[in-house]
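*Asks:* Got a structure for you, questions after.
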Amino acid sequence: MKAMVTTQYGPPDVLQLREIAIPTPAQNEVLIKLYASSVNPLDGFLIRGPLFFVPMIGRLLKPKHKIAGADMAGRVESVGRDVTQFRPGDEVFGASYGGFAEYACAVENSLARKPANLSFAEAAAVPVAAITALQGLRDKGEIQRGQKVLIDGASGGVGTFAIQIAKSFGAEVTAVCSPRNVDIARSIGADHVIDYTREDFTHNGLRYDLIFGANVHHSIFDYRRALSRKGIFVVAGGSMMRLLQAVLLVPLLSWIGSRKTRFFIAKMNTTDLAILKDLLEVGKTVPVIDRRYPLGEVSEALRYREEGHAQGKIVITINHSHDV
Ligand SMILES: NC(=O)c1ccc[n+]([C@@H]2O[C@H](COP(=O)([O-])OP(=O)(O)OC[C@H]3O[C@@H](n4cnc5c(N)ncnc54)[C@H](OP(=O)(O)O)[C@@H]3O)[C@@H](O)[C@H]2O)c1
């Protein structure tokens, strides 16, 4: 099979399109013939590895996961002995390692049936970003109908799902993004949009019951100032400096005052993928796709994402040219 292989840690250009063996599923795994994947910040971290933090050490180490690409959508080719939920021919979506390839294995609990109304490319845009939005809003943010919810970083992969999922919970949603993304944010349901180049929501005196930091660019104290008295600030991602601040301060801040700050790492699972499938099938959520790249151009896709201003998701399409 063809795969974009990471031979050493480094920038996206280290990826090479190679012919390698199709993986064999373990007892609890499904082998999927992939038709699409999509790009997440996590892929960049996996490819750059420790080089990202300590360049000297990073150059001496070899990548643990030779094929990046968490998101995947495709058709089940074969299943391990213990797999009960899927069988060959099923169309699935979900996440594992190795999505930048023609075939990949995934444990069955990280997959669900593909939404019937979505193409493989659309379905591959969903898993990591939408699960992050769902778990951040529902589990960490304890989102309730009628609440005032603000999404910062609202126009990226996570943010575009967060707007729509917050609306599906009945919240009044304010999206924060740059001017070029104001129309997109409105078109997917945001009730109010703040252009962060013109207005700083942390200083405008408005208060929110829940702030979801899809891409956190202010200090944790600024976000807390914009919370209502019992408000919750959930940190999903953002610049390295801001994430570090969150990881260090969240435990301390949980002891101070009635406002809560929470940091989390999303966990892929079939139950939540099935919830997203339902939302997608009734049209309460649609994937926003910025660009599509073929498998051989994953490096270009990763570089584009690293510019930091993608509008929604960047999809990788996988064309099995030898198919009849
Ligand atoms: N906790 C978890 O489990 C988890 C899971 C997945 C992802 N993450 C993290 O979540 C973050 C977002 O992921 P993603 O996939 O959404 O990334 P992404 O698609 O690359 O995010 C790009 C978006 O960020 C926005 N942005 C850039 N600067 C901004 C600013 N100053 N203020 C507000 N928005 C700004 C951009 O909007 P404009 O062009 O309008 O500026 C762009 O639309 C990343 O840090 C990622 O590592 C965490």
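Quick note on naming: the chains in the structure tokens go A, B, ... in the order shown, residues restart at 1 in each chain, and ligands are numbered from 1 in order of appearance.
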So which residues are near ligand 1, meaning at most 7 Å away with only C-alpha atoms and all ligand atoms counted, given back as a ChimeraX atom specification?
*Replies:* /A:40-42,128-129,132,152-159,176-181,196,214-217,236-239,264-266,305-306,308-313
*Asks:* Set the distance at 7 Å and use only C-alpha atoms: which residues neighbour segment 109-115 of chain A once local chain neighbours fewer than 6 positions away are removed? I'd like the list as a PyMOL selection string.
*Replies:* chain A and resi 91-96+123+268-270+273-274+277+280-281
*Asks:* What is the distance between atom CA of Leu210 of chain A and atom CA of Asp43 of chain A, in Å to one decimal?
*Replies:*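 Computing it gives 28.4 Å between the two atoms.
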*Asks:* From the list A:Ile211, A:Met72, A:Ile163, A:Val173, which residue is nearest Ala226 of chain A when using only C-alpha atoms?
*Replies:*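 Ranked by minimum distance to Ala226 of chain A, first place goes to A:Ile211.
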*Asks:* Would you mind listing what lies within 6 Å of Lys148 of chain A as a count of residues only, with only C-alpha atoms counted and same-chain residues fewer than 5 positions away left out?
*Replies:* 3
*Asks:* Using DSSP secondary structure from the backbone, list all strand (DSSP E) positions within segment 183-278 of chain A, as a list in words.
*Replies:*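 After running DSSP on the backbone, segment 183-278 of chain A has strand (DSSP E) at His192, Val193, Ile194, Asp195, Tyr208, Asp209, Leu210, Ile211, Phe212, Gly213, Leu227, Ser228, Arg229, Lys230, Gly231, Ile232, Phe233, Val234, Val235, Lys260, Thr261, Arg262 and Phe263 of chain A.
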*Asks:* For Leu137 of chain A, please output as a ChimeraX atom specification all residues within 9 Å (counting only C-alpha atoms; exclusion window: fewer than 2 positions along the same chain).
*Replies:* /A:132-135,139-143,162,165-166,210-212,234
*Asks:* Please dump the current selection as a CSV table (one decimal), in the first residue's frame; keep N, CA and C atoms.
*Replies:*
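This is the output file again-v4.csv:
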```
chain,number,residue,atom,x,y,z
A,132,THR,N,-13.5,16.6,20.3
A,132,THR,CA,-12.9,17.5,21.2
A,132,THR,C,-14.0,18.6,21.6
A,133,ALA,N,-14.7,19.1,20.6
A,133,ALA,CA,-15.7,20.1,20.8
A,133,ALA,C,-16.8,19.5,21.7
A,134,LEU,N,-17.3,18.3,21.4
A,134,LEU,CA,-18.4,17.7,22.1
A,134,LEU,C,-18.0,17.4,23.6
A,135,GLN,N,-16.8,16.8,23.8
A,135,GLN,CA,-16.4,16.5,25.2
A,135,GLN,C,-16.1,17.7,26.0
A,139,ASP,N,-18.8,17.6,28.7
A,139,ASP,CA,-18.3,17.0,29.9
A,139,ASP,C,-17.6,18.0,30.8
A,140,LYS,N,-16.7,18.8,30.2
A,140,LYS,CA,-15.9,19.8,31.0
A,140,LYS,C,-16.7,21.1,31.2
A,141,GLY,N,-17.5,21.5,30.2
A,141,GLY,CA,-18.2,22.8,30.2
A,141,GLY,C,-19.5,22.7,30.9
A,142,GLU,N,-20.1,21.4,31.0
A,142,GLU,CA,-21.4,21.2,31.5
A,142,GLU,C,-22.4,22.1,30.9
A,143,ILE,N,-22.4,22.2,29.6
A,143,ILE,CA,-23.2,23.1,28.8
A,143,ILE,C,-24.7,22.9,29.1
A,162,ALA,N,-17.5,23.3,17.4
A,162,ALA,CA,-17.9,23.8,18.7
A,162,ALA,C,-19.1,24.7,18.6
A,165,ILE,N,-22.2,22.4,17.8
A,165,ILE,CA,-22.6,21.5,18.9
A,165,ILE,C,-23.2,22.3,20.0
A,166,ALA,N,-22.6,23.5,20.3
A,166,ALA,CA,-23.1,24.4,21.4
A,166,ALA,C,-24.6,24.8,21.0
A,210,LEU,N,-20.1,30.0,29.9
A,210,LEU,CA,-19.1,29.0,29.5
A,210,LEU,C,-18.3,29.6,28.4
A,211,ILE,N,-17.0,29.6,28.6
A,211,ILE,CA,-16.0,30.0,27.5
A,211,ILE,C,-15.3,28.7,27.1
A,212,PHE,N,-15.4,28.4,25.8
A,212,PHE,CA,-14.7,27.2,25.3
A,212,PHE,C,-13.5,27.7,24.5
A,234,VAL,N,-13.1,26.4,29.7
A,234,VAL,CA,-12.6,25.1,29.2
A,234,VAL,C,-11.5,25.4,28.2
```
*Asks:* Return the single residue from A:Val282, A:Ile256, A:Gly136, A:Leu302 that is closest to Gly213 of chain A, with distances computed using only C-alpha atoms.
*Replies:*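 Counting only C-alpha atoms, the residue closest to Gly213 of chain A is A:Gly136.
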*Asks:* Pick out the closest residue to Met241 of chain A from this set: A:Gly89, A:Gly74, A:Ser37, A:His218. Count only C-alpha atoms.
*Replies:*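 Of the candidates, the smallest distance to Met241 of chain A is held by A:His218.
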*Asks:* Based on DSSP run over this structure's backbone, return all residues of segment 51-207 of chain A in alpha helix (DSSP H), as JSON, numbers by chain.
*Replies:* {"A": [55, 56, 57, 58, 120, 121, 122, 123, 124, 127, 128, 129, 130, 131, 132, 133, 134, 135, 157, 158, 159, 160, 161, 162, 163, 164, 165, 166, 167, 168, 182, 183, 184, 185, 186, 187]}
